[in-house]
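Asker: I have a structure I would like to understand better, so I am pasting it below and will then ask my questions one at a time.
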Amino acid sequence: MKIAFYDTRSYDKTAFALANEKFGFEIVFHEFKLNENTAQVSVGFDAVCVFVNDVVNENVIQTLAKNGVRLIALRCAGFNNVDLAAAARAGIKVVRVPAYSPHAVAEHAAALLLSLTRHIPQAYLRTKTQNFNIEGLTGRDLHGLTAGIFGTGKIGRTFAEILKGFGMKLICADPFPNEAWAKEIGATYVSIDKLFRESDVLSLHCPLTEETKHIVNHDNMKKMKKDAVIINTGRGALIDSKALVHALKHQHIGGVGMDVYEEESKYFFNDWSGDIMTDDVLARLLTFPNVIITGHQAFLTKDALANISDTTLQNVRDFMKGNPLENEVKG
């Protein structure tokens, strides 16, 4: 099997090269993303491996199929960037990594929350310049506050358990409630409306679908407590970014910590420090003192990279051998 990897970085190459020692596939790493302009590079490959910001639409899939590609292997959990119906029509299988390390993402969400509520970035910048003044750095206890978990898959449940350790009250929303888990941890499932109204901390852990796109919008943020904070380590488009700027500007919410952004594909994973930012919404978000943005790094731990690599290559091996595809995604 020959696999073309798109949108790769040094950590991808290191992790997959190590994992491939026991699989023996022929791998070629490309740093550029998969899109309509680069799909032709797939000529001669049996499979392509893509990440969250690769474009895998119908036109790209038609080119992949014409070039002989038979498998699209996502090295991530989300698959909203893949036209599954087009893949099915083209006879191309799609597989993913459904659970690489829920702890990696959940712990990053906790880091964002603590950094936001205790003003860690501001304190760090002060002390680096020998300024030890703590005026303006007053935070608040998480203990006793209400945490709203939107999506109780593995990551959402892991994050909820972390917040339970802080002594927070847990409320959750999910179209498929896990009542046994909720009873065990002391969480309560509520309506989405109640989740927005009662949460002091609202954390997003659901997939991006037509139903969840812009679930955090102008109307829902107006329902929230004025000092409530939002944490997003899921998908950027769960939040309406323009509405978020409005809510922050008019103090409808207390702040946001986000590892994803709905128009992140241009900027994230690249160094733009010497360029003018043309995304006015992202530029505005970066000006707020109560906003922390990280560049889609919640997954980035050694443990998660090892799991991603092993699962991705095992998915390819299963396809090659004609075994059942445990992690197949169907349209």
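Chain lettering (A, B, ...) mirrors the order of the structure tokens, residue numbering begins at 1 for each chain separately, and ligand numbering begins at 1 in order of display.
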May I have the residues within 6 Å of range 261-267 of chain A as number ranges by chain, using only C-alpha atoms and disregarding those fewer than 6 positions away in the same chain?
Answerer: A: 53, 236-237
Asker: Write a file of the just-selected residues containing N, CA and C atoms, as a JSON list (two decimals), in the first residue's frame.
Answerer:
```
[["chain", "number", "residue", "atom", "x", "y", "z"],
["A", 53, "ASN", "N", -8.27, 20.17, 8.25],
["A", 53, "ASN", "CA", -8.46, 21.30, 7.36],
["A", 53, "ASN", "C", -8.22, 20.97, 5.89],
["A", 236, "GLY", "N", -14.61, 24.55, 15.23],
["A", 236, "GLY", "CA", -14.75, 26.00, 15.27],
["A", 236, "GLY", "C", -16.14, 26.50, 14.95],
["A", 237, "ALA", "N", -16.79, 25.86, 13.97],
["A", 237, "ALA", "CA", -18.09, 26.34, 13.51],
["A", 237, "ALA", "C", -19.23, 26.03, 14.48]]
```
Asker: Write out as JSON, numbers by chain each polymer residue whose atoms come within 12 Å of Leu163 in chain A, counting only C-alpha atoms; drop sequence neighbours fewer than 3 positions from it.
Answerer: {"A": [106, 107, 109, 110, 111, 113, 114, 141, 142, 143, 144, 145, 146, 147, 148, 149, 156, 157, 158, 159, 160, 166, 167, 168, 169, 170, 171, 185, 186, 187, 201, 202, 203]}
Asker: If DSSP is run on the backbone, what residues of range 5-152 of chain A are strand (DSSP E or B)? A reply as number ranges by chain would be ideal.
Answerer: A: 5, 26-29, 47-50, 56, 71-74, 82, 93-95, 146-150
Asker: Could you give me, as a PyMOL selection string, the residues within 10 Å of Val256 in chain A, counting only C-alpha atoms and dropping anything in the same chain fewer than 5 positions from it?
Answerer: chain A and resi 112-113+116-117+201-203+228-232+244+248+285+288-293
Asker: Tell me which protein, DNA and RNA residues are within 7 Å of Ala39 in chain A, counting only C-alpha atoms, leaving out same-chain ones fewer than 6 positions away, and put them as a list of chain:residue names.
Answerer: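 In the requested format, the answer is A:Val60, A:Thr63, A:Leu64.
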Asker: Would you write out those residues with N, CA and C atoms, as a PDB file, in the first residue's frame?
Answerer:
```pdb
ATOM      1  N   VAL A  60     -12.765  16.866  -5.376  1.00  0.00           N
ATOM      2  CA  VAL A  60     -11.529  16.226  -4.930  1.00  0.00           C
ATOM      3  C   VAL A  60     -11.678  14.710  -4.967  1.00  0.00           C
ATOM      4  N   THR A  63     -11.412  13.245  -8.398  1.00  0.00           N
ATOM      5  CA  THR A  63     -10.014  13.191  -8.844  1.00  0.00           C
ATOM      6  C   THR A  63      -9.281  12.033  -8.175  1.00  0.00           C
ATOM      7  N   LEU A  64      -9.505  11.857  -6.876  1.00  0.00           N
ATOM      8  CA  LEU A  64      -8.866  10.751  -6.159  1.00  0.00           C
ATOM      9  C   LEU A  64      -9.260   9.413  -6.778  1.00  0.00           C
TER      10      LEU A  64
END
```
Asker: Using only C-alpha atoms, which of the listed residues (A:Gly295, A:Gly257, A:Gly322, A:Pro207) sits closest to Phe79 in chain A?
Answerer: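 Under the stated criterion, the closest residue is A:Pro207.
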Asker: Rank nothing, just name the residue among A:Val97, A:Cys206, A:Ala87, A:Cys172 nearest to Lys194 in chain A, using only C-alpha atoms.
Answerer: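 Looking at the shortest contact to Lys194 in chain A, the residue is A:Cys172.
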Asker: Give the alpha helix (DSSP H) residues of range 101-319 of chain A, as assigned by DSSP on the backbone, as an MDAnalysis selection string.
Answerer: chainID A and resid 102:117 120:128 154:165 179:185 192:198 218:223 241:249 280:285 302:319
